[in-house]
>>> print(open('run_18.pdb').read())   # PDB, C-alpha atoms
ATOM      1  CA  MET A   1     106.986 160.524  96.632
ATOM      2  CA  ASP A   2     105.725 156.957  96.137
ATOM      3  CA  GLY A   3     106.344 154.044  98.482
ATOM      4  CA  VAL A   4     105.666 152.591 101.916
ATOM      5  CA  ILE A   5     106.946 153.751 105.310
ATOM      6  CA  ASN A   6     107.411 151.176 108.052
ATOM      7  CA  VAL A   7     106.290 153.345 110.964
ATOM      8  CA  HIS A   8     106.788 152.402 114.614
ATOM      9  CA  LYS A   9     103.461 153.664 115.944
ATOM     10  CA  PRO A  10     103.743 154.935 119.518
ATOM     11  CA  VAL A  11     101.291 154.289 122.333
ATOM     12  CA  GLY A  12      98.713 157.062 122.602
ATOM     13  CA  MET A  13      98.224 157.724 118.882
ATOM     14  CA  THR A  14      95.568 156.226 116.646
ATOM     15  CA  SER A  15      96.493 154.964 113.185
ATOM     16  CA  SER A  16      94.610 157.956 111.768
ATOM     17  CA  ASP A  17      96.688 160.292 113.942
ATOM     18  CA  VAL A  18      99.818 158.894 112.303
ATOM     19  CA  VAL A  19      98.350 159.460 108.840
ATOM     20  CA  VAL A  20      97.513 163.077 109.702
ATOM     21  CA  TRP A  21     101.037 163.622 111.068
ATOM     22  CA  LEU A  22     102.642 162.235 107.920
ATOM     23  CA  ARG A  23     100.406 164.240 105.588
ATOM     24  CA  LYS A  24     101.567 167.384 107.338
ATOM     25  CA  HIS A  25     105.273 166.522 107.353
ATOM     26  CA  LEU A  26     105.417 164.940 103.884
ATOM     27  CA  LYS A  27     103.250 167.736 102.453
ATOM     28  CA  THR A  28     100.993 165.343 100.531
ATOM     29  CA  ARG A  29      97.400 164.228 100.895
ATOM     30  CA  LYS A  30      97.961 160.764  99.396
ATOM     31  CA  VAL A  31      98.782 158.922 102.614
ATOM     32  CA  GLY A  32      96.950 155.924 104.071
ATOM     33  CA  HIS A  33      97.488 153.139 106.590
ATOM     34  CA  THR A  34      97.043 149.420 105.937
ATOM     35  CA  GLY A  35      95.103 148.357 109.019
ATOM     36  CA  THR A  36      94.482 149.980 112.354
ATOM     37  CA  LEU A  37      96.323 149.545 115.633
ATOM     38  CA  ASP A  38      94.493 150.506 118.819
ATOM     39  CA  PRO A  39      95.849 153.657 120.546
ATOM     40  CA  GLU A  40      97.317 151.654 123.463
ATOM     41  CA  VAL A  41      99.175 149.316 121.072
ATOM     42  CA  ASN A  42     102.573 150.161 119.621
ATOM     43  CA  GLY A  43     104.573 148.590 116.837
ATOM     44  CA  VAL A  44     104.646 148.141 113.076
ATOM     45  CA  LEU A  45     102.202 150.239 111.052
ATOM     46  CA  PRO A  46     102.890 150.266 107.286
ATOM     47  CA  ILE A  47     101.888 153.593 105.737
ATOM     48  CA  CYS A  48     101.356 153.960 101.980
ATOM     49  CA  VAL A  49     102.366 157.195 100.252
ATOM     50  CA  GLY A  50     101.531 158.456  96.765
ATOM     51  CA  LYS A  51     100.889 155.756  94.169
ATOM     52  CA  ALA A  52     101.546 153.100  96.811
ATOM     53  CA  THR A  53      98.133 153.855  98.335
ATOM     54  CA  ARG A  54      96.786 151.689  95.497
ATOM     55  CA  LEU A  55      98.666 148.735  97.006
ATOM     56  CA  ALA A  56      97.023 149.015 100.432
ATOM     57  CA  GLU A  57      94.520 146.224  99.769
ATOM     58  CA  TYR A  58      97.363 143.735  99.224
ATOM     59  CA  LEU A  59      99.400 144.874 102.215
ATOM     60  CA  THR A  60      96.337 144.498 104.442
ATOM     61  CA  GLU A  61      95.972 140.859 103.429
ATOM     62  CA  GLN A  62      99.464 139.865 104.593
ATOM     63  CA  GLY A  63     100.109 137.995 107.843
ATOM     64  CA  LYS A  64     100.948 139.603 111.180
ATOM     65  CA  ALA A  65     103.063 138.811 114.244
ATOM     66  CA  TYR A  66     102.572 140.110 117.791
ATOM     67  CA  ARG A  67     103.999 139.927 121.294
ATOM     68  CA  ALA A  68     101.238 139.988 123.885
ATOM     69  CA  GLU A  69     100.893 139.946 127.639
ATOM     70  CA  ILE A  70      97.885 138.101 129.005
ATOM     71  CA  THR A  71      96.591 138.526 132.562
ATOM     72  CA  PHE A  72      94.590 135.600 133.920
ATOM     73  CA  GLY A  73      91.624 135.832 136.252
ATOM     74  CA  ILE A  74      90.293 139.223 135.110
ATOM     75  CA  VAL A  75      87.760 139.613 132.276
ATOM     76  CA  THR A  76      86.915 143.050 130.832
ATOM     77  CA  ASP A  77      84.206 144.227 128.460
ATOM     78  CA  THR A  78      86.784 145.248 125.830
ATOM     79  CA  GLN A  79      88.940 142.123 126.355
ATOM     80  CA  ASP A  80      91.935 144.390 127.093
ATOM     81  CA  ALA A  81      93.227 146.506 129.957
ATOM     82  CA  GLN A  82      91.260 149.576 128.861
ATOM     83  CA  GLY A  83      87.834 148.110 129.607
ATOM     84  CA  GLU A  84      85.652 147.745 132.663
ATOM     85  CA  VAL A  85      86.085 144.607 134.743
ATOM     86  CA  LEU A  86      83.187 142.193 134.251
ATOM     87  CA  ARG A  87      84.420 139.458 136.575
ATOM     88  CA  SER A  88      87.531 138.458 138.448
ATOM     89  CA  VAL A  89      88.756 135.364 140.211
ATOM     90  CA  LYS A  90      92.124 134.437 141.683
ATOM     91  CA  PRO A  91      93.052 131.542 139.398
ATOM     92  CA  GLU A  92      94.870 128.422 140.442
ATOM     93  CA  ILE A  93      96.679 127.731 137.187
ATOM     94  CA  THR A  94     100.271 126.992 136.305
ATOM     95  CA  GLN A  95     102.581 127.516 133.369
ATOM     96  CA  GLU A  96     102.103 123.841 132.521
ATOM     97  CA  ASP A  97      98.325 124.355 132.327
ATOM     98  CA  PHE A  98      98.848 127.151 129.825
ATOM     99  CA  LEU A  99     101.274 125.105 127.728
ATOM    100  CA  LYS A 100      98.775 122.233 127.558
ATOM    101  CA  ILE A 101      96.035 124.315 125.895
ATOM    102  CA  ILE A 102      98.261 126.028 123.318
ATOM    103  CA  PRO A 103      98.001 123.232 120.698
ATOM    104  CA  GLN A 104      94.233 123.672 120.401
ATOM    105  CA  PHE A 105      94.798 127.246 119.231
ATOM    106  CA  ILE A 106      97.257 126.364 116.441
ATOM    107  CA  GLY A 107      96.075 126.096 112.827
ATOM    108  CA  SER A 108      92.711 127.168 111.413
ATOM    109  CA  ILE A 109      90.335 128.058 114.242
ATOM    110  CA  GLN A 110      87.060 129.930 114.668
ATOM    111  CA  GLN A 111      87.044 133.312 116.392
ATOM    112  CA  ILE A 112      84.091 135.536 117.284
ATOM    113  CA  PRO A 113      84.937 139.246 116.734
ATOM    114  CA  PRO A 114      84.702 141.334 119.935
ATOM    115  CA  MET A 115      81.950 143.899 120.364
ATOM    116  CA  TYR A 116      84.600 146.609 120.642
ATOM    117  CA  SER A 117      85.766 146.220 117.034
ATOM    118  CA  ALA A 118      85.311 147.915 113.660
ATOM    119  CA  VAL A 119      83.318 145.005 112.232
ATOM    120  CA  ARG A 120      80.025 146.161 110.737
ATOM    121  CA  TYR A 121      76.618 144.877 111.821
ATOM    122  CA  ARG A 122      73.703 146.075 109.673
ATOM    123  CA  GLY A 123      75.695 149.099 108.575
ATOM    124  CA  LYS A 124      76.931 150.081 112.023
ATOM    125  CA  ARG A 125      80.313 149.514 113.651
ATOM    126  CA  LEU A 126      80.208 147.083 116.539
ATOM    127  CA  TYR A 127      82.103 149.493 118.798
ATOM    128  CA  ASP A 128      79.365 152.114 118.283
ATOM    129  CA  LEU A 129      76.748 149.594 119.425
ATOM    130  CA  ALA A 130      78.924 148.511 122.343
ATOM    131  CA  ARG A 131      79.243 152.106 123.543
ATOM    132  CA  GLN A 132      75.425 152.266 123.614
ATOM    133  CA  GLY A 133      75.334 149.157 125.767
ATOM    134  CA  ILE A 134      74.015 147.029 122.900
ATOM    135  CA  GLU A 135      75.396 143.549 122.324
ATOM    136  CA  VAL A 136      74.507 141.620 119.181
ATOM    137  CA  GLU A 137      75.190 138.095 118.015
ATOM    138  CA  ARG A 138      78.365 137.856 115.923
ATOM    139  CA  GLN A 139      79.194 135.117 113.491
ATOM    140  CA  PRO A 140      82.494 133.300 114.049
ATOM    141  CA  ARG A 141      85.227 133.844 111.484
ATOM    142  CA  GLU A 142      87.962 131.496 110.418
ATOM    143  CA  ILE A 143      91.473 132.690 111.246
ATOM    144  CA  ARG A 144      94.815 130.937 111.138
ATOM    145  CA  ILE A 145      97.497 130.861 113.822
ATOM    146  CA  SER A 146     100.762 129.359 112.635
ATOM    147  CA  ARG A 147     102.781 129.954 115.813
ATOM    148  CA  LEU A 148     101.923 130.590 119.471
ATOM    149  CA  GLN A 149     105.003 130.524 121.693
ATOM    150  CA  LEU A 150     105.220 131.199 125.412
ATOM    151  CA  LEU A 151     108.145 133.498 126.259
ATOM    152  CA  SER A 152     107.728 133.952 130.002
ATOM    153  CA  TRP A 153     105.419 133.226 132.919
ATOM    154  CA  GLN A 154     104.856 135.390 135.975
ATOM    155  CA  GLU A 155     103.314 133.915 139.108
ATOM    156  CA  GLY A 156     101.115 136.062 141.320
ATOM    157  CA  GLU A 157      97.595 136.730 142.515
ATOM    158  CA  TYR A 158      96.684 137.134 138.865
ATOM    159  CA  PRO A 159      99.299 135.223 136.818
ATOM    160  CA  LYS A 160     100.613 136.743 133.609
ATOM    161  CA  ALA A 161     102.175 135.242 130.502
ATOM    162  CA  ILE A 162     104.023 136.842 127.612
ATOM    163  CA  PHE A 163     103.726 135.064 124.276
ATOM    164  CA  GLU A 164     104.357 135.645 120.590
ATOM    165  CA  VAL A 165     101.926 134.743 117.846
ATOM    166  CA  ASP A 166     102.043 134.589 114.040
ATOM    167  CA  CYS A 167      98.565 134.883 112.587
ATOM    168  CA  SER A 168      96.427 135.698 109.594
ATOM    169  CA  LYS A 169      94.741 138.965 108.753
ATOM    170  CA  GLY A 170      91.632 139.596 110.859
ATOM    171  CA  THR A 171      92.907 137.920 114.033
ATOM    172  CA  TYR A 172      91.976 139.763 117.234
ATOM    173  CA  ILE A 173      94.694 139.169 119.816
ATOM    174  CA  ARG A 174      92.378 140.547 122.507
ATOM    175  CA  THR A 175      89.910 137.812 121.672
ATOM    176  CA  LEU A 176      92.656 135.200 121.532
ATOM    177  CA  CYS A 177      93.601 136.158 125.115
ATOM    178  CA  TYR A 178      89.960 135.986 126.159
ATOM    179  CA  ASP A 179      89.552 132.554 124.559
ATOM    180  CA  LEU A 180      92.736 131.272 126.205
ATOM    181  CA  GLY A 181      91.357 132.368 129.576
ATOM    182  CA  GLU A 182      88.032 130.667 128.914
ATOM    183  CA  ALA A 183      89.826 127.460 127.919
ATOM    184  CA  LEU A 184      91.580 127.520 131.296
ATOM    185  CA  GLY A 185      88.296 128.227 133.102
ATOM    186  CA  CYS A 186      89.502 131.387 134.832
ATOM    187  CA  GLY A 187      89.038 134.132 132.247
ATOM    188  CA  ALA A 188      91.712 136.546 131.027
ATOM    189  CA  HIS A 189      92.342 139.783 129.189
ATOM    190  CA  MET A 190      95.120 141.216 127.032
ATOM    191  CA  SER A 191      97.146 143.567 129.205
ATOM    192  CA  LYS A 192      99.805 144.634 126.643
ATOM    193  CA  LEU A 193     100.401 144.261 122.914
ATOM    194  CA  VAL A 194     103.159 145.059 120.425
ATOM    195  CA  ARG A 195     102.933 144.354 116.698
ATOM    196  CA  LEU A 196     106.240 142.810 115.646
ATOM    197  CA  ARG A 197     105.536 142.323 111.954
ATOM    198  CA  SER A 198     103.013 143.136 109.243
ATOM    199  CA  GLY A 199     103.768 141.237 106.045
ATOM    200  CA  PRO A 200     107.460 141.874 105.248
ATOM    201  CA  PHE A 201     107.676 144.886 107.578
ATOM    202  CA  LYS A 202     109.492 144.154 110.847
ATOM    203  CA  LEU A 203     109.653 146.092 114.115
ATOM    204  CA  GLU A 204     113.459 146.223 114.161
ATOM    205  CA  GLU A 205     113.396 147.958 110.750
ATOM    206  CA  SER A 206     110.616 150.432 111.599
ATOM    207  CA  ARG A 207     111.115 154.193 112.023
ATOM    208  CA  THR A 208     109.737 156.367 114.782
ATOM    209  CA  LEU A 209     108.028 159.631 113.876
ATOM    210  CA  GLN A 210     110.995 161.484 115.361
ATOM    211  CA  GLN A 211     113.404 159.564 113.117
ATOM    212  CA  ILE A 212     111.259 160.365 110.085
ATOM    213  CA  SER A 213     111.128 164.031 111.074
ATOM    214  CA  ASP A 214     114.903 164.153 111.521
ATOM    215  CA  ALA A 215     115.439 162.519 108.121
ATOM    216  CA  LEU A 216     113.136 165.018 106.408
ATOM    217  CA  ASP A 217     115.045 167.891 107.992
ATOM    218  CA  GLN A 218     118.120 166.538 106.181
ATOM    219  CA  ASP A 219     116.236 165.978 102.877
ATOM    220  CA  ASN A 220     116.745 162.247 103.397
ATOM    221  CA  GLU A 221     113.949 159.960 102.166
ATOM    222  CA  GLU A 222     115.651 156.613 102.799
ATOM    223  CA  PHE A 223     112.758 155.667 105.107
ATOM    224  CA  LEU A 224     110.512 155.394 102.022
ATOM    225  CA  ILE A 225     110.489 151.785 100.762
ATOM    226  CA  PRO A 226     110.007 151.471  96.960
ATOM    227  CA  MET A 227     106.826 149.814  95.729
ATOM    228  CA  ASN A 228     108.773 146.939  94.159
ATOM    229  CA  ARG A 229     109.879 145.750  97.626
ATOM    230  CA  VAL A 230     106.668 145.722  99.622
ATOM    231  CA  LEU A 231     104.461 142.920  98.290
ATOM    232  CA  ASP A 232     104.518 139.195  98.933
ATOM    233  CA  LEU A 233     103.037 138.257  95.551
ATOM    234  CA  PRO A 234     104.316 136.190  92.594
ATOM    235  CA  VAL A 235     106.417 138.150  90.096
ATOM    236  CA  ILE A 236     106.023 138.153  86.312
ATOM    237  CA  VAL A 237     108.621 139.903  84.150
ATOM    238  CA  LEU A 238     107.432 141.034  80.712
ATOM    239  CA  THR A 239     109.378 141.851  77.582
ATOM    240  CA  SER A 240     109.368 145.497  76.519
ATOM    241  CA  ASP A 241     106.627 145.015  73.917
ATOM    242  CA  ARG A 242     104.321 143.086  76.304
ATOM    243  CA  ALA A 243     105.051 145.587  79.070
ATOM    244  CA  GLU A 244     103.894 148.371  76.764
ATOM    245  CA  ALA A 245     100.782 146.359  75.931
ATOM    246  CA  PHE A 246     100.144 145.800  79.666
ATOM    247  CA  CYS A 247     100.397 149.542  80.316
ATOM    248  CA  HIS A 248      97.799 150.110  77.598
ATOM    249  CA  GLY A 249      95.352 147.694  79.200
ATOM    250  CA  LEU A 250      95.970 144.689  76.933
ATOM    251  CA  SER A 251      96.180 141.145  78.247
ATOM    252  CA  THR A 252      99.117 138.790  77.688
ATOM    253  CA  SER A 253      98.600 135.054  77.164
ATOM    254  CA  GLN A 254     100.782 132.367  78.688
ATOM    255  CA  ARG A 255     102.346 131.539  75.306
ATOM    256  CA  MET A 256     103.658 135.127  75.098
ATOM    257  CA  ILE A 257     105.559 134.728  78.372
ATOM    258  CA  SER A 258     108.638 132.557  78.011
ATOM    259  CA  GLY A 259     110.328 130.845  80.931
ATOM    260  CA  GLN A 260     107.630 131.793  83.462
ATOM    261  CA  LYS A 261     104.433 130.029  84.481
ATOM    262  CA  LEU A 262     101.409 132.145  85.273
ATOM    263  CA  PRO A 263      99.557 131.169  88.447
ATOM    264  CA  ASP A 264      96.143 129.612  87.845
ATOM    265  CA  LYS A 265      94.496 132.676  89.374
ATOM    266  CA  GLY A 266      95.078 135.626  91.654
ATOM    267  CA  PRO A 267      97.133 138.827  91.607
ATOM    268  CA  VAL A 268     100.787 139.080  90.550
ATOM    269  CA  GLN A 269     103.403 141.813  90.490
ATOM    270  CA  VAL A 270     104.331 142.821  86.951
ATOM    271  CA  PHE A 271     107.782 144.107  86.008
ATOM    272  CA  ALA A 272     109.378 145.408  82.831
ATOM    273  CA  GLY A 273     112.935 144.349  83.479
ATOM    274  CA  GLU A 274     113.603 145.706  86.988
ATOM    275  CA  GLU A 275     110.855 148.357  86.817
ATOM    276  CA  PHE A 276     107.636 147.676  88.697
ATOM    277  CA  ILE A 277     104.776 148.598  86.370
ATOM    278  CA  GLY A 278     101.667 147.275  88.050
ATOM    279  CA  ILE A 279      99.436 144.528  89.374
ATOM    280  CA  GLY A 280      97.945 141.948  87.061
ATOM    281  CA  LYS A 281      95.294 139.266  87.519
ATOM    282  CA  CYS A 282      95.712 135.753  86.171
ATOM    283  CA  GLU A 283      92.657 134.247  84.511
ATOM    284  CA  ASP A 284      92.297 131.549  81.846
ATOM    285  CA  ASP A 285      96.038 131.323  81.165
ATOM    286  CA  SER A 286      96.279 135.072  80.599
ATOM    287  CA  LEU A 287      97.713 138.043  82.465
ATOM    288  CA  ILE A 288      95.169 140.852  82.671
ATOM    289  CA  PRO A 289      96.128 144.400  83.732
ATOM    290  CA  TYR A 290      94.450 145.427  86.982
ATOM    291  CA  LYS A 291      96.458 148.346  88.371
ATOM    292  CA  VAL A 292      98.966 150.091  86.110
ATOM    293  CA  PHE A 293     101.562 152.446  87.554
TER     294      PHE A 293
END
>>> encode(input="run_18.pdb", output="structure tokens")
Amino acid sequence: MDGVINVHKPVGMTSSDVVVWLRKHLKTRKVGHTGTLDPEVNGVLPICVGKATRLAEYLTEQGKAYRAEITFGIVTDTQDAQGEVLRSVKPEITQEDFLKIIPQFIGSIQQIPPMYSAVRYRGKRLYDLARQGIEVERQPREIRISRLQLLSWQEGEYPKAIFEVDCSKGTYIRTLCYDLGEALGCGAHMSKLVRLRSGPFKLEESRTLQQISDALDQDNEEFLIPMNRVLDLPVIVLTSDRAEAFCHGLSTSQRMISGQKLPDKGPVQVFAGEEFIGIGKCEDDSLIPYKVF
């Protein structure tokens, strides 16, 4: 069993919980996720099975999309609804105020990782330090937001907004909500979050654990997506003789590949006809085997 499962992770389970569940039901140890979702977050969680676990590093790099609810006027230590309230104020802001600040959060921006995150600081996870009451200085990281769209606005003592965002790997939506609140001068936290997409995997095409269980009971493995359909990388198709050479660890120069231009650098998917045979790296006008399946 080799491929990727587009799992709809439920609220209340960690990403590791989902992996454990699938190992038990698929009866295999070679199962791994491609990036964590907090327990209170639901949505798309791609899970690699079998040989596809070797593709996890590429799946992790792909962009994400979320739908979030932000509550203005309340700031928490975790930047979401699970944390302790640090400060609160009844804000006097409007939907128009929110719309005005959105443009400054589009494109490449700097974001400081939250203390309650898995980022390492001198060998320790930030969330471990945070739980000890220790706060350390974090360096800002560059992220990219390609879309931030307001869907609805709710007036009230503490106004709420629901928005969708397309972003790069490593973006903390909790921190985005916090930063939006700071930009408005009233503070805010993320009160709900759903992951709509991770790379090519979409929420509407995801499977619940119950659906996967039901399919397995019927010996149906249609939920398993083949490895040749899961990556957003350039494709190089080799002739049979060069495919054999690739599988034996030999490089292929550009002049040996007709009708296709190798990228200047970076990883590519390598096919022999319609068969996915591995991942190659492009260097110095040559295709070098990196992961052979």
>>> closest_residue(input="run_18.pdb", among="A:Phe163, A:Tyr66, A:Trp21, A:Phe271", to="Ile102 of chain A", atoms="only C-alpha atoms")
A:Phe163
>>> residues_around(input="run_18.pdb", residues="Val4 of chain A", least_positions_apart="4", cutoff="12 Å", atoms="all atoms listed in the file", output="MDAnalysis selection string")
chainID A and resid 22 30:34 45:56 59 200:201 206:207 221:231
>>> closest_residue(input="run_18.pdb", among="A:Asp38, A:Val136, A:Ser286, A:Ala245", to="Lys124 of chain A", atoms="only C-alpha atoms")
A:Val136
>>> atom_distance(input="run_18.pdb", atom1="atom CA of Glu69 of chain A", atom2="atom CA of Lys160 of chain A")
6.8 Å
>>> resolve_selection(input="run_18.pdb", expression="the PyMOL selection byres ((chain A and resi 164) around 7)", output="ChimeraX atom specification")
/A:66-68,148-150,163,165
>>> write_last_selection(input="run_18.pdb", atoms="C-alpha atoms", output="mmCIF file, in the coordinates of the input")
data_model
loop_
_atom_site.group_PDB
_atom_site.id
_atom_site.type_symbol
_atom_site.label_atom_id
_atom_site.label_comp_id
_atom_site.auth_asym_id
_atom_site.auth_seq_id
_atom_site.Cartn_x
_atom_site.Cartn_y
_atom_site.Cartn_z
ATOM 1 C CA TYR A 66 102.572 140.110 117.791
ATOM 2 C CA ARG A 67 103.999 139.927 121.294
ATOM 3 C CA ALA A 68 101.238 139.988 123.885
ATOM 4 C CA LEU A 148 101.923 130.590 119.471
ATOM 5 C CA GLN A 149 105.003 130.524 121.693
ATOM 6 C CA LEU A 150 105.220 131.199 125.412
ATOM 7 C CA PHE A 163 103.726 135.064 124.276
ATOM 8 C CA VAL A 165 101.926 134.743 117.846
#
>>> residues_around(input="run_18.pdb", residues="Gly280 of chain A", least_positions_apart="3", cutoff="10 Å", atoms="only C-alpha atoms", output="ChimeraX atom specification")
/A:235-236,246,251-252,266-270,277,283,286-292
